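A quick write-up on the structure given underneath.
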Amino acid sequence: MRMGSVAFGVVVGFLLAGIVFVIARRITSATSPATTLDPVSVVHQIQRLNELVSVKYTVQKVVGLEEQKVPFGSEKLLLFVQAEVLAGIDLSKLAAADIKWLPAKRMQVMLPPPKIEHVVIDDKETKVWDRQITWWTPWVPYNPDLERQARLKAKDTIQQAAIDMGILDQARRNAEAGIRSLLETFGVKSVTLASPVGNT
């Protein structure tokens with residue numbers, strides 16, 4: 001499952017990089033050749049890529065939850081969860097101060113850190129795998145809220161699993177590929193990008 005999710009993210013990354021390149025060419029053709037790439041205009045052009053530099057993983061997990069009963073006994077629940085995790089870099093936070101021109105038509109761009117944008121549980125693919133009360137307390141009723149609690153726990157577990165699988169690194173690479181493609185169409189010879197790794 002890990003390899004499948006990673007492969008899916010990589011494919012999405014390559015597809016988005018291609019889309020970004022095509023759009024970058026269109027942006028360039030629609031821009032006057034006399035346009036000066038000052039930091040403000042660079043920020044404006046990069047921010048137009050905001051929705052094209054994200055990456056999505058599909059993650060599956062089995063999450064267990066146990067609730068102790070009063071005065072004794074317990075209820076256990078296993079939940080099979082499938083969710084989509086979307087990560088990216090919020091280019092709207094990019095500022096002119098993050099753009100620096102270097103000699104020989106080179107440019108340095110300091111990007112915001114990649115982050116998890118949302119985790120969405122697929123209700124159609126998510127189901128209770130197993131549920132039981134300790135055998136010596138069969139009269140203890142099931143907690144109807146336990147599945148909801150397991151779903152909340154699953155979101156945190158799935159988010160961390162996606163991070164461990166490299167979704168934030170993939171989001172950063174997607175952003176860097178898109179920005180390089182864009183700026184090179186404007187005649188920038190070399191682009192240096194820096195981006196701290198985030199996990200929120």
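Chain labels A, B, ... are given in the sequence in which chains occur in the structure tokens; within each chain residues are numbered consecutively from 1, and ligands are likewise numbered from 1 in the order shown.
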Could you build a table of the residues in stretch 127-191 of chain A lying no more than 9 Å from stretch 74-77 of chain A, giving for each the nearest pair of atoms and their separation in Å rounded to one decimal place, using only C-alpha atoms, ordered by chain and ascending residue number, as a tab-separated table?
```
residue	atom	partner	partner_atom	distance
A:Val128	CA	A:Leu77	CA	7.3
A:Trp129	CA	A:Leu77	CA	7.6
A:Asp130	CA	A:Leu77	CA	5.7
A:Arg131	CA	A:Leu77	CA	4.4
A:Gln132	CA	A:Lys76	CA	5.4
A:Ile133	CA	A:Glu75	CA	4.5
A:Thr134	CA	A:Ser74	CA	5.7
A:Thr137	CA	A:Ser74	CA	8.2
A:Val140	CA	A:Ser74	CA	8.6
A:Pro141	CA	A:Glu75	CA	8.9
A:Tyr142	CA	A:Glu75	CA	7.1
A:Asn143	CA	A:Glu75	CA	8.0
A:Leu146	CA	A:Leu77	CA	7.6
A:Glu147	CA	A:Leu77	CA	7.5
A:Ala150	CA	A:Leu77	CA	7.9
```
Can you spit out the residues from that selection as a PDB file, in the first residue's frame, using C-alpha atoms?
```
ATOM      1  CA  VAL A 128     -16.016  -1.194  10.802  1.00  0.00           C
ATOM      2  CA  TRP A 129     -13.673  -4.169  10.456  1.00  0.00           C
ATOM      3  CA  ASP A 130     -14.440  -5.730  13.820  1.00  0.00           C
ATOM      4  CA  ARG A 131     -16.291  -4.790  17.004  1.00  0.00           C
ATOM      5  CA  GLN A 132     -16.655  -6.725  20.236  1.00  0.00           C
ATOM      6  CA  ILE A 133     -17.416  -6.554  23.929  1.00  0.00           C
ATOM      7  CA  THR A 134     -15.347  -8.619  26.365  1.00  0.00           C
ATOM      8  CA  THR A 137     -19.700  -8.846  29.994  1.00  0.00           C
ATOM      9  CA  VAL A 140     -22.713  -4.158  28.349  1.00  0.00           C
ATOM     10  CA  PRO A 141     -24.159  -2.048  25.490  1.00  0.00           C
ATOM     11  CA  TYR A 142     -22.101  -0.851  22.535  1.00  0.00           C
ATOM     12  CA  ASN A 143     -21.102   2.805  22.512  1.00  0.00           C
ATOM     13  CA  LEU A 146     -17.089   4.908  19.386  1.00  0.00           C
ATOM     14  CA  GLU A 147     -16.921   4.831  15.578  1.00  0.00           C
ATOM     15  CA  ALA A 150     -12.137   6.105  15.851  1.00  0.00           C
TER      16      ALA A 150
END
```
Exercise for the section: Taking the DSSP assignment computed from this structure's backbone, write out as a list of chain:residue names all residues of stretch 106-173 of chain A that belong to alpha helix (DSSP H). Expected result: A:Leu146, A:Glu147, A:Arg148, A:Gln149, A:Ala150, A:Arg151, A:Leu152, A:Lys153, A:Ala154, A:Lys155, A:Asp156, A:Thr157, A:Ile158, A:Gln159, A:Gln160, A:Ala161, A:Ala162, A:Ile163, A:Asp164, A:Ile167, A:Leu168, A:Asp169, A:Gln170, A:Ala171, A:Arg172, A:Arg173
Save out the residues we just selected, N, CA, C and O atoms, as a compact mmCIF listing (two decimals), in the first residue's frame.
```
# COMPACT_ATOMS: atom_id res chain seq x y z
N LEU A 146 -18.46 5.40 19.46
CA LEU A 146 -17.09 4.91 19.39
C LEU A 146 -16.54 4.98 17.95
O LEU A 146 -15.36 5.26 17.75
N GLU A 147 -17.39 4.76 16.96
CA GLU A 147 -16.92 4.83 15.58
C GLU A 147 -16.48 6.25 15.22
O GLU A 147 -15.48 6.46 14.52
N ARG A 148 -17.25 7.24 15.70
CA ARG A 148 -16.87 8.64 15.43
C ARG A 148 -15.51 8.94 16.05
O ARG A 148 -14.66 9.60 15.44
N GLN A 149 -15.29 8.46 17.28
CA GLN A 149 -14.02 8.66 17.95
C GLN A 149 -12.88 8.00 17.17
O GLN A 149 -11.78 8.56 17.05
N ALA A 150 -13.16 6.81 16.63
CA ALA A 150 -12.14 6.10 15.85
C ALA A 150 -11.80 6.86 14.57
O ALA A 150 -10.65 6.91 14.14
N ARG A 151 -12.80 7.51 13.95
CA ARG A 151 -12.56 8.29 12.74
C ARG A 151 -11.66 9.50 13.04
O ARG A 151 -10.78 9.83 12.25
N LEU A 152 -11.90 10.13 14.18
CA LEU A 152 -11.06 11.27 14.56
C LEU A 152 -9.61 10.82 14.78
O LEU A 152 -8.67 11.49 14.35
N LYS A 153 -9.46 9.69 15.44
CA LYS A 153 -8.12 9.15 15.65
C LYS A 153 -7.48 8.77 14.32
O LYS A 153 -6.28 8.97 14.10
N ALA A 154 -8.30 8.25 13.40
CA ALA A 154 -7.79 7.82 12.10
C ALA A 154 -7.22 8.98 11.30
O ALA A 154 -6.23 8.82 10.59
N LYS A 155 -7.83 10.15 11.39
CA LYS A 155 -7.34 11.31 10.64
C LYS A 155 -5.90 11.64 11.03
O LYS A 155 -5.06 11.89 10.16
N ASP A 156 -5.64 11.65 12.33
CA ASP A 156 -4.28 11.94 12.79
C ASP A 156 -3.31 10.85 12.34
O ASP A 156 -2.18 11.14 11.90
N THR A 157 -3.75 9.59 12.43
CA THR A 157 -2.89 8.47 12.04
C THR A 157 -2.57 8.51 10.55
O THR A 157 -1.43 8.30 10.13
N ILE A 158 -3.58 8.80 9.75
CA ILE A 158 -3.39 8.83 8.30
C ILE A 158 -2.52 10.01 7.89
O ILE A 158 -1.68 9.91 7.00
N GLN A 159 -2.72 11.16 8.53
CA GLN A 159 -1.89 12.32 8.21
C GLN A 159 -0.42 12.01 8.49
O GLN A 159 0.45 12.31 7.66
N GLN A 160 -0.14 11.40 9.63
CA GLN A 160 1.25 11.07 9.96
C GLN A 160 1.80 10.02 9.00
O GLN A 160 2.97 10.08 8.61
N ALA A 161 0.96 9.07 8.57
CA ALA A 161 1.40 8.05 7.63
C ALA A 161 1.79 8.69 6.30
O ALA A 161 2.81 8.32 5.70
N ALA A 162 1.00 9.66 5.84
CA ALA A 162 1.31 10.34 4.58
C ALA A 162 2.63 11.11 4.70
O ALA A 162 3.43 11.15 3.76
N ILE A 163 2.85 11.74 5.85
CA ILE A 163 4.10 12.46 6.07
C ILE A 163 5.28 11.49 6.05
O ILE A 163 6.31 11.75 5.42
N ASP A 164 5.11 10.34 6.71
CA ASP A 164 6.17 9.33 6.72
C ASP A 164 6.46 8.79 5.32
O ASP A 164 7.59 8.39 5.01
N ILE A 167 4.98 12.74 1.57
CA ILE A 167 4.08 13.63 0.83
C ILE A 167 4.54 15.08 0.86
O ILE A 167 4.39 15.81 -0.13
N LEU A 168 5.16 15.51 1.97
CA LEU A 168 5.62 16.91 2.05
C LEU A 168 6.82 17.13 1.12
O LEU A 168 6.91 18.18 0.47
N ASP A 169 7.71 16.17 1.07
CA ASP A 169 8.85 16.28 0.14
C ASP A 169 8.36 16.32 -1.30
O ASP A 169 8.88 17.08 -2.13
N GLN A 170 7.35 15.50 -1.61
CA GLN A 170 6.81 15.48 -2.97
C GLN A 170 6.16 16.81 -3.31
O GLN A 170 6.31 17.34 -4.43
N ALA A 171 5.44 17.40 -2.35
CA ALA A 171 4.80 18.70 -2.58
C ALA A 171 5.86 19.78 -2.85
O ALA A 171 5.69 20.63 -3.72
N ARG A 172 6.95 19.72 -2.10
CA ARG A 172 8.02 20.70 -2.31
C ARG A 172 8.65 20.53 -3.69
O ARG A 172 8.90 21.51 -4.40
N ARG A 173 8.89 19.27 -4.09
CA ARG A 173 9.48 19.03 -5.40
C ARG A 173 8.56 19.49 -6.53
O ARG A 173 9.02 20.04 -7.53
```
Practice task
Write out as a VMD selection string each polymer residue whose atoms come within 12 Å of A:Lys100, counting only C-alpha atoms; drop sequence neighbours fewer than 2 positions from it.
Solution key: chain A and resid 37 to 40 42 to 43 95 to 98 102 to 103 105 to 111 188 191 to 194
Problem - Straight-line distance linking atom CA of A:Ser54 with atom CA of A:Leu183, stated in Å to one decimal - result: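 Between atom CA of A:Ser54 and atom CA of A:Leu183 the gap works out to 18.4 Å.
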Problem - Atomic distance atom CA of A:Gly178 - atom CA of A:Ala83, expressed in Å with one decimal - result: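 Atom CA of A:Ala83 lies at a distance of 26.3 Å from atom CA of A:Gly178.
If you look at atom CA of A:Ala87 and atom CA of A:Lys115, they are 5.5 Å away from each other.
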Exercise for the section: Could you tell me, as a ChimeraX atom specification, which residues of stretch 12-186 of chain A DSSP assigns to strand (DSSP E) when given the backbone? Expected result: /A:55-68,74-88,99-102,106-110,115-121,127-133
